[in-house]
file data_23.cif (mmCIF, C-alpha atoms)
data_upload
loop_
_atom_site.label_atom_id
_atom_site.label_comp_id
_atom_site.auth_asym_id
_atom_site.auth_seq_id
_atom_site.Cartn_x
_atom_site.Cartn_y
_atom_site.Cartn_z
CA MET A 1 73.71 -103.77 -126.89
CA ARG A 2 76.81 -105.78 -126.27
CA THR A 3 78.80 -102.65 -125.88
CA GLU A 4 76.37 -101.38 -123.35
CA GLY A 5 76.51 -104.71 -121.55
CA ARG A 6 80.28 -104.57 -121.44
CA ILE A 7 80.14 -101.06 -120.21
CA GLU A 8 77.65 -101.92 -117.52
CA GLY A 9 79.74 -104.95 -116.54
CA ARG A 10 82.85 -102.85 -116.30
CA THR A 11 80.98 -100.26 -114.35
CA GLY A 12 79.75 -102.86 -111.88
CA ARG A 13 83.22 -104.29 -111.49
CA THR A 14 84.59 -100.77 -111.04
CA ARG A 15 82.03 -100.05 -108.37
CA GLY A 16 82.88 -103.32 -106.66
CA ARG A 17 86.54 -102.47 -106.60
CA ALA A 18 85.76 -99.01 -105.26
CA SER A 19 83.67 -100.47 -102.47
CA THR A 20 86.48 -102.82 -101.59
CA VAL A 21 88.96 -99.97 -101.53
CA ILE A 22 86.65 -97.92 -99.33
CA ALA A 23 86.13 -100.83 -96.98
CA VAL A 24 89.82 -101.55 -96.73
CA GLY A 25 90.49 -97.86 -96.23
CA GLY A 26 87.92 -97.72 -93.46
CA VAL A 27 89.52 -100.67 -91.76
CA ALA A 28 92.92 -99.07 -92.12
CA VAL A 29 91.62 -95.91 -90.45
CA LEU A 30 90.07 -97.97 -87.68
CA VAL A 31 93.34 -99.81 -87.22
CA ALA A 32 95.22 -96.56 -87.01
CA VAL A 33 92.80 -95.12 -84.48
CA THR A 34 92.10 -98.12 -82.29
CA GLY A 35 95.07 -100.38 -82.82
CA CYS A 36 93.03 -103.18 -84.42
CA THR A 37 94.49 -106.47 -85.57
CA VAL A 38 93.35 -107.56 -89.06
CA GLN A 39 93.17 -111.23 -89.99
CA PRO A 40 92.63 -112.57 -93.49
CA VAL A 41 89.13 -113.72 -94.39
CA GLY A 42 88.59 -117.36 -93.56
CA ALA A 43 91.58 -117.51 -91.24
CA ASP A 44 91.37 -120.05 -88.49
CA ASP A 45 93.09 -120.01 -85.11
CA ALA A 46 95.39 -122.79 -84.08
CA ASP A 47 92.49 -124.62 -82.44
CA GLY A 48 90.72 -124.84 -85.79
CA LYS A 49 87.86 -122.55 -84.87
CA HIS A 50 86.78 -119.93 -87.33
CA ARG A 51 87.37 -116.41 -86.11
CA SER A 52 86.04 -113.03 -87.21
CA PRO A 53 88.17 -111.54 -89.94
CA VAL A 54 88.64 -108.34 -87.93
CA ARG A 55 89.37 -108.26 -84.20
CA ILE A 56 89.26 -104.83 -82.59
CA GLU A 57 91.41 -104.24 -79.52
CA ILE A 58 90.45 -100.98 -77.80
CA PRO A 59 93.31 -99.55 -75.67
CA HIS A 60 92.48 -99.19 -71.99
CA THR A 61 92.02 -95.59 -70.91
CA PRO A 62 91.83 -94.77 -67.16
CA SER A 63 88.35 -93.74 -66.16
CA ALA A 64 87.82 -90.05 -65.63
CA THR A 65 85.84 -90.89 -62.50
CA ALA A 66 88.63 -92.93 -60.89
CA ALA A 67 89.56 -91.75 -57.42
CA PRO A 68 92.63 -89.50 -57.53
CA SER A 69 95.69 -90.62 -55.64
CA THR A 70 95.81 -89.23 -52.14
CA ALA A 71 98.87 -87.10 -51.49
CA PRO A 72 100.66 -87.89 -48.23
CA LYS A 73 99.58 -85.62 -45.40
CA THR A 74 102.06 -83.50 -43.52
CA PRO A 75 102.56 -85.15 -40.14
CA SER A 76 101.24 -83.11 -37.23
CA ALA A 77 103.53 -82.06 -34.39
CA PRO A 78 103.63 -84.51 -31.46
CA VAL A 79 101.31 -83.63 -28.58
CA LEU A 80 103.04 -83.13 -25.24
CA TRP A 81 100.09 -82.43 -22.92
CA THR A 82 96.32 -82.34 -23.23
CA ARG A 83 93.29 -82.01 -20.99
CA GLY A 84 93.32 -84.57 -18.18
CA ASP A 85 97.13 -84.78 -17.96
CA SER A 86 99.03 -83.86 -14.80
CA GLY A 87 102.56 -83.56 -13.52
CA PRO A 88 105.53 -81.20 -13.39
CA GLY A 89 105.42 -80.49 -17.14
CA VAL A 90 101.83 -79.26 -16.88
CA ARG A 91 102.77 -77.15 -13.84
CA GLU A 92 105.57 -75.48 -15.83
CA LEU A 93 103.19 -74.91 -18.75
CA GLN A 94 100.74 -73.16 -16.42
CA ALA A 95 103.49 -71.04 -14.85
CA ARG A 96 104.65 -69.89 -18.28
CA LEU A 97 101.09 -69.09 -19.38
CA ARG A 98 100.74 -66.99 -16.21
CA GLN A 99 103.87 -65.02 -17.12
CA ILE A 100 102.19 -63.71 -20.29
CA ASP A 101 98.73 -63.30 -18.71
CA TRP A 102 96.99 -66.14 -20.50
CA LEU A 103 96.24 -67.94 -17.23
CA PHE A 104 95.37 -66.42 -13.87
CA ASP A 105 94.75 -69.51 -11.70
CA GLY A 106 97.26 -72.06 -10.49
CA PRO A 107 99.67 -73.47 -11.28
CA THR A 108 97.94 -76.62 -10.08
CA GLY A 109 99.79 -79.28 -12.05
CA GLY A 110 96.51 -80.53 -13.55
CA TYR A 111 95.52 -79.79 -17.17
CA ASP A 112 91.96 -78.54 -16.59
CA ASP A 113 89.42 -76.57 -18.66
CA LEU A 114 90.99 -73.23 -17.70
CA THR A 115 94.39 -74.41 -18.97
CA GLU A 116 92.82 -75.68 -22.19
CA ASP A 117 91.12 -72.33 -22.80
CA ALA A 118 94.38 -70.49 -22.11
CA VAL A 119 96.24 -72.68 -24.61
CA LYS A 120 93.55 -72.09 -27.26
CA GLY A 121 93.83 -68.35 -26.76
CA PHE A 122 97.61 -68.45 -27.02
CA GLN A 123 97.47 -70.58 -30.18
CA GLY A 124 94.85 -68.43 -31.88
CA LYS A 125 96.75 -65.21 -31.17
CA ARG A 126 99.81 -66.62 -32.93
CA GLY A 127 98.11 -68.20 -35.94
CA LEU A 128 98.42 -71.76 -34.68
CA PRO A 129 95.57 -74.30 -34.84
CA ARG A 130 93.28 -73.72 -31.82
CA THR A 131 93.35 -77.32 -30.59
CA GLY A 132 93.73 -76.64 -26.87
CA ARG A 133 96.47 -79.29 -26.85
CA VAL A 134 100.12 -78.43 -26.38
CA ASP A 135 102.15 -79.86 -29.25
CA THR A 136 105.84 -79.29 -29.83
CA THR A 137 105.17 -76.27 -32.08
CA THR A 138 103.04 -74.54 -29.45
CA TRP A 139 105.53 -75.37 -26.70
CA GLN A 140 108.51 -74.00 -28.63
CA ARG A 141 106.62 -70.77 -29.30
CA LEU A 142 105.76 -70.44 -25.60
CA LEU A 143 109.36 -71.14 -24.54
CA GLY A 144 110.56 -68.34 -26.79
CA MET A 145 108.28 -65.82 -25.06
CA THR A 146 108.81 -66.78 -21.40
CA HIS A 147 111.55 -67.54 -18.87
CA ARG A 148 112.12 -70.67 -16.82
CA PRO A 149 109.82 -70.36 -13.79
CA GLY A 150 111.34 -70.44 -10.32
CA LYS A 151 110.17 -72.75 -7.56
CA TRP A 152 107.66 -70.33 -6.09
CA GLU A 153 106.28 -69.53 -9.53
CA LEU A 154 105.67 -73.24 -10.02
CA TYR A 155 104.09 -73.51 -6.56
CA LEU A 156 102.59 -70.05 -6.36
CA MET A 157 99.31 -71.46 -5.08
CA GLY A 158 100.76 -74.34 -3.08
CA GLY A 159 101.02 -78.03 -3.89
CA GLN A 160 104.75 -78.30 -3.20
CA PRO A 161 106.10 -81.40 -1.43
CA ALA A 162 106.71 -81.09 2.30
CA ALA A 163 110.21 -81.11 3.78
CA ALA A 164 111.25 -83.94 6.07
CA PRO A 165 109.88 -83.41 9.60
CA ASP A 166 112.04 -81.70 12.19
CA PRO A 167 113.25 -84.25 14.78
CA ARG A 168 111.27 -82.38 17.45
CA CYS A 169 108.07 -83.32 15.58
CA MET A 170 108.50 -87.06 15.95
CA THR A 171 106.72 -87.51 19.27
CA GLY A 172 103.28 -86.48 20.51
CA ARG A 173 100.65 -84.36 18.76
CA VAL A 174 102.44 -81.72 16.69
CA LEU A 175 101.82 -78.94 14.20
CA CYS A 176 105.14 -79.37 12.36
CA ILE A 177 105.78 -76.22 10.30
CA SER A 178 108.68 -75.90 7.81
CA LYS A 179 109.76 -72.52 6.50
CA THR A 180 111.99 -74.26 3.97
CA SER A 181 109.19 -76.04 2.12
CA ARG A 182 106.42 -73.68 3.30
CA THR A 183 104.33 -76.56 4.54
CA LEU A 184 102.54 -77.69 7.68
CA ARG A 185 102.32 -81.33 8.71
CA TRP A 186 99.77 -82.45 11.28
CA MET A 187 101.52 -85.33 13.04
CA ILE A 188 100.77 -87.75 15.84
CA ASP A 189 103.60 -89.89 17.19
CA GLY A 190 105.72 -89.45 14.07
CA ARG A 191 102.91 -90.21 11.60
CA THR A 192 101.75 -87.51 9.20
CA LEU A 193 97.95 -87.27 9.02
CA SER A 194 97.67 -84.26 6.70
CA THR A 195 99.86 -81.76 4.88
CA MET A 196 99.03 -78.28 3.64
CA ALA A 197 100.77 -75.27 2.09
CA VAL A 198 101.36 -72.28 4.38
CA ARG A 199 102.94 -68.85 4.16
CA PHE A 200 104.62 -66.66 6.77
CA GLY A 201 105.24 -63.09 7.82
CA SER A 202 107.42 -60.70 5.89
CA SER A 203 110.89 -59.58 6.93
CA TYR A 204 109.25 -56.74 8.89
CA THR A 205 106.82 -59.01 10.73
CA PRO A 206 108.51 -62.43 10.75
CA THR A 207 106.93 -65.61 12.03
CA ARG A 208 108.72 -66.73 15.17
CA GLU A 209 110.68 -69.96 15.17
CA GLY A 210 110.92 -72.50 17.97
CA VAL A 211 108.75 -74.90 19.96
CA PHE A 212 105.39 -73.63 21.22
CA GLN A 213 101.97 -74.86 22.31
CA VAL A 214 98.47 -74.05 21.13
CA TYR A 215 97.09 -71.94 23.96
CA TRP A 216 93.82 -70.69 22.42
CA LYS A 217 91.47 -71.59 19.57
CA SER A 218 89.03 -69.06 18.02
CA ARG A 219 86.81 -70.23 15.14
CA HIS A 220 85.61 -66.80 13.93
CA HIS A 221 88.46 -64.61 15.10
CA VAL A 222 89.06 -61.06 13.82
CA SER A 223 92.40 -59.35 14.45
CA THR A 224 92.10 -56.44 16.86
CA LEU A 225 95.42 -55.07 15.60
CA TYR A 226 94.83 -55.24 11.83
CA ASP A 227 91.04 -55.56 11.78
CA SER A 228 91.29 -58.53 9.43
CA PRO A 229 89.48 -61.90 9.67
CA MET A 230 91.44 -64.89 11.04
CA PRO A 231 89.06 -67.87 10.70
CA TYR A 232 90.03 -71.15 12.41
CA ALA A 233 92.72 -69.38 14.47
CA MET A 234 94.99 -71.57 16.63
CA PHE A 235 97.22 -69.23 18.64
CA PHE A 236 100.68 -70.45 19.63
CA SER A 237 102.90 -67.37 20.31
CA GLY A 238 101.55 -63.97 21.39
CA GLY A 239 99.26 -62.78 18.59
CA GLN A 240 100.65 -65.29 16.08
CA ALA A 241 98.38 -68.14 15.05
CA VAL A 242 97.80 -70.76 12.40
CA HIS A 243 94.64 -69.69 10.52
CA TYR A 244 92.85 -69.56 7.17
CA SER A 245 93.70 -66.59 4.93
CA TYR A 246 91.43 -65.24 2.19
CA ASP A 247 94.36 -63.30 0.76
CA PHE A 248 96.57 -66.38 0.56
CA ALA A 249 93.73 -68.26 -1.15
CA ALA A 250 93.42 -65.50 -3.73
CA ARG A 251 97.04 -64.40 -4.32
CA GLY A 252 99.17 -67.29 -3.17
CA TYR A 253 102.76 -66.48 -2.34
CA SER A 254 102.48 -63.07 -3.97
CA GLY A 255 101.63 -61.72 -0.52
CA GLY A 256 102.54 -62.43 3.11
CA SER A 257 101.14 -62.36 6.62
CA HIS A 258 101.79 -60.10 9.61
CA GLY A 259 103.56 -62.96 11.35
CA CYS A 260 100.84 -65.62 11.41
CA VAL A 261 101.00 -68.97 9.64
CA ASN A 262 98.45 -68.65 6.82
CA VAL A 263 96.65 -71.62 5.25
CA ARG A 264 94.89 -71.24 1.86
CA ASP A 265 92.94 -74.52 1.85
CA GLU A 266 89.82 -73.81 3.90
CA ALA A 267 88.63 -77.42 3.99
CA ALA A 268 92.03 -78.59 5.22
CA VAL A 269 92.35 -75.96 7.97
CA SER A 270 88.74 -76.59 9.05
CA ALA A 271 89.53 -80.28 9.56
CA LEU A 272 92.77 -79.34 11.33
CA PHE A 273 90.95 -76.93 13.65
CA SER A 274 88.59 -79.74 14.66
CA ALA A 275 91.47 -82.16 15.36
CA VAL A 276 93.89 -79.90 17.24
CA ARG A 277 93.54 -79.53 20.99
CA THR A 278 94.71 -76.79 23.32
CA GLY A 279 98.15 -77.80 24.58
CA ASP A 280 99.25 -79.53 21.33
CA LYS A 281 102.85 -78.79 20.31
CA VAL A 282 103.80 -76.37 17.54
CA VAL A 283 107.27 -76.58 15.95
CA VAL A 284 108.33 -73.82 13.52
CA SER A 285 111.72 -74.39 11.87
CA TRP A 286 113.87 -73.94 8.76
#

call {"tool": "encode", "arguments": {"input": "data_23.cif", "output": "structure tokens"}}
result
Amino acid sequence: MRTEGRIEGRTGRTRGRASTVIAVGGVAVLVAVTGCTVQPVGADDADGKHRSPVRIEIPHTPSATAAPSTAPKTPSAPVLWTRGDSGPGVRELQARLRQIDWLFDGPTGGYDDLTEDAVKGFQGKRGLPRTGRVDTTTWQRLLGMTHRPGKWELYLMGGQPAAAPDPRCMTGRVLCISKTSRTLRWMIDGRTLSTMAVRFGSSYTPTREGVFQVYWKSRHHVSTLYDSPMPYAMFFSGGQAVHYSYDFAARGYSGGSHGCVNVRDEAAVSALFSAVRTGDKVVVSW
């Protein structure tokens, strides 16, 4: 019986030691995995408070759901012109778009819906973003496909500034017409009341130069020589007159007259026709 008791006692102590070893081993594994800090049983901190014998410190792992860092975006090319802009740069843009048949109106110098659509078409054809805005990338591509437009490409449909008035225009009521700038000024006593683009006859049928007078006005005139309409005609020399031209309105300076002074702005020539009187002076000069 004693032997059995000793055996049982040893067995219990053996089991106790084994449990301790297993526990310590488990802690060791936990330490290895989590980076725990083990304190002896009954250990107190410096403040005298009893602490847990094992303190587990779990390393911080970034959350899988954390927002990824945003990579810097490639900066877009600077925009030069967009809808609503105006000026000489827009006029050149329109002239260049006309050269490659992406625009058929103008140039007007104003970035309108037609210009925007033309730019989108040009961009899409060449694999560029179809923004309708002209950035530096679009502009450089267009420059490489076109030539610098001349003055009458830029002002194909009018809009050019008028030349200084001829000295003979500075007194009285005068239709002051400049072949240099292709413009007509309506002037009274040296003051310009309106200005409009005009075109002249070809080298075969030139517009006469000099000082004349309006001798006849005909609102719905039709040429008996060419059988063509000459609305708002103000005759000043033989069969030559200042009048509205449908062809000039449609084609600009691509065409020419048979010697008359053509106006393409119907509203402007209508107002001029109402203001001009028979006997008013007409000056045509370079």

call {"tool": "residues_around", "arguments": {"input": "data_23.cif", "residues": "A:Thr278", "least_positions_apart": "4", "cutoff": "9 Å", "atoms": "all atoms listed in the file", "output": "list in words"}}
result
Gln213, Val214, Tyr215, Trp216, Lys217 and Met234 of chain A

call {"tool": "write_last_selection", "arguments": {"input": "data_23.cif", "atoms": "C-alpha atoms", "output": "PDB file, keeping the file's coordinate frame"}}
result
ATOM      1  CA  GLN A 213     101.970 -74.860  22.310  1.00  0.00           C
ATOM      2  CA  VAL A 214      98.470 -74.050  21.130  1.00  0.00           C
ATOM      3  CA  TYR A 215      97.090 -71.940  23.960  1.00  0.00           C
ATOM      4  CA  TRP A 216      93.820 -70.690  22.420  1.00  0.00           C
ATOM      5  CA  LYS A 217      91.470 -71.590  19.570  1.00  0.00           C
ATOM      6  CA  MET A 234      94.990 -71.570  16.630  1.00  0.00           C
TER       7      MET A 234
END

call {"tool": "closest_residue", "arguments": {"input": "data_23.cif", "among": "A:His243, A:His147, A:Arg96, A:Arg277", "to": "A:Met196", "atoms": "all atoms listed in the file"}}
result
A:His243

call {"tool": "resolve_selection", "arguments": {"input": "data_23.cif", "expression": "the PyMOL selection byres ((chain A and resi 253) around 7)", "output": "PDB file with C-alpha atoms, in the coordinates of the input"}}
result
ATOM      1  CA  LEU A 156     102.590 -70.050  -6.360  1.00  0.00           C
ATOM      2  CA  MET A 157      99.310 -71.460  -5.080  1.00  0.00           C
ATOM      3  CA  ARG A 199     102.940 -68.850   4.160  1.00  0.00           C
ATOM      4  CA  PHE A 248      96.570 -66.380   0.560  1.00  0.00           C
ATOM      5  CA  ARG A 251      97.040 -64.400  -4.320  1.00  0.00           C
ATOM      6  CA  GLY A 252      99.170 -67.290  -3.170  1.00  0.00           C
ATOM      7  CA  SER A 254     102.480 -63.070  -3.970  1.00  0.00           C
ATOM      8  CA  GLY A 255     101.630 -61.720  -0.520  1.00  0.00           C
ATOM      9  CA  GLY A 256     102.540 -62.430   3.110  1.00  0.00           C
TER      10      GLY A 256
END

call {"tool": "closest_residue", "arguments": {"input": "data_23.cif", "among": "A:Gly259, A:Gly109, A:Gly279, A:Pro231", "to": "A:Leu154", "atoms": "all atoms listed in the file"}}
result
A:Gly109

call {"tool": "resolve_selection", "arguments": {"input": "data_23.cif", "expression": "the PyMOL selection byres ((chain A and resi 198) around 12)", "output": "VMD selection string"}}
result
chain A and resid 155 to 162 175 to 185 195 to 197 199 to 201 207 241 to 245 247 to 249 252 to 253 255 to 257 259 to 266 268 to 269 284

call {"tool": "residues_around", "arguments": {"input": "data_23.cif", "residues": "A:Trp102", "least_positions_apart": "4", "cutoff": "9 Å", "atoms": "all atoms listed in the file", "output": "list in words"}}
result
Gln94, Arg96, Leu97, Arg98, Thr115, Asp117, Ala118, Val119, Gly121 and Phe122 of chain A

call {"tool": "atom_distance", "arguments": {"input": "data_23.cif", "atom1": "atom CA of A:Tyr232", "atom2": "atom CA of A:Ser218"}}
result
6.1 Å

call {"tool": "atom_distance", "arguments": {"input": "data_23.cif", "atom1": "atom CA of A:Arg148", "atom2": "atom CA of A:Arg83"}}
result
22.4 Å

call {"tool": "atom_distance", "arguments": {"input": "data_23.cif", "atom1": "atom CA of A:Gly132", "atom2": "atom CA of A:Lys120"}}
result
4.6 Å

call {"tool": "resolve_selection", "arguments": {"input": "data_23.cif", "expression": "the PyMOL selection byres ((chain A and resi 86) around 12)", "output": "list in words"}}
result
Leu80, Trp81, Thr82, Arg83, Gly84, Asp85, Gly87, Pro88, Gly89, Val90, Arg91, Glu92, Leu93, Gln94, Pro107, Thr108, Gly109, Gly110, Tyr111, Asp112 and Thr115 of chain A

call {"tool": "residues_around", "arguments": {"input": "data_23.cif", "residues": "A:Thr131", "least_positions_apart": "2", "cutoff": "9 Å", "atoms": "all atoms listed in the file", "output": "ChimeraX atom specification"}}
result
/A:116,119-120,123,128-129,133-134

call {"tool": "residues_around", "arguments": {"input": "data_23.cif", "residues": "A:Ser223", "least_positions_apart": "6", "cutoff": "9 Å", "atoms": "all atoms listed in the file", "output": "list of chain:residue names"}}
result
A:Pro229, A:Met230, A:Gly239

call {"tool": "closest_residue", "arguments": {"input": "data_23.cif", "among": "A:Val222, A:Val276, A:Met145, A:Ala250", "to": "A:Arg173", "atoms": "all atoms listed in the file"}}
result
A:Val276

call {"tool": "closest_residue", "arguments": {"input": "data_23.cif", "among": "A:Ser285, A:Gly150, A:Gln140, A:Leu272", "to": "A:Met187", "atoms": "all atoms listed in the file"}}
result
A:Leu272

call {"tool": "closest_residue", "arguments": {"input": "data_23.cif", "among": "A:Ser194, A:Val282, A:His221, A:Met170", "to": "A:Phe236", "atoms": "all atoms listed in the file"}}
result
A:Val282
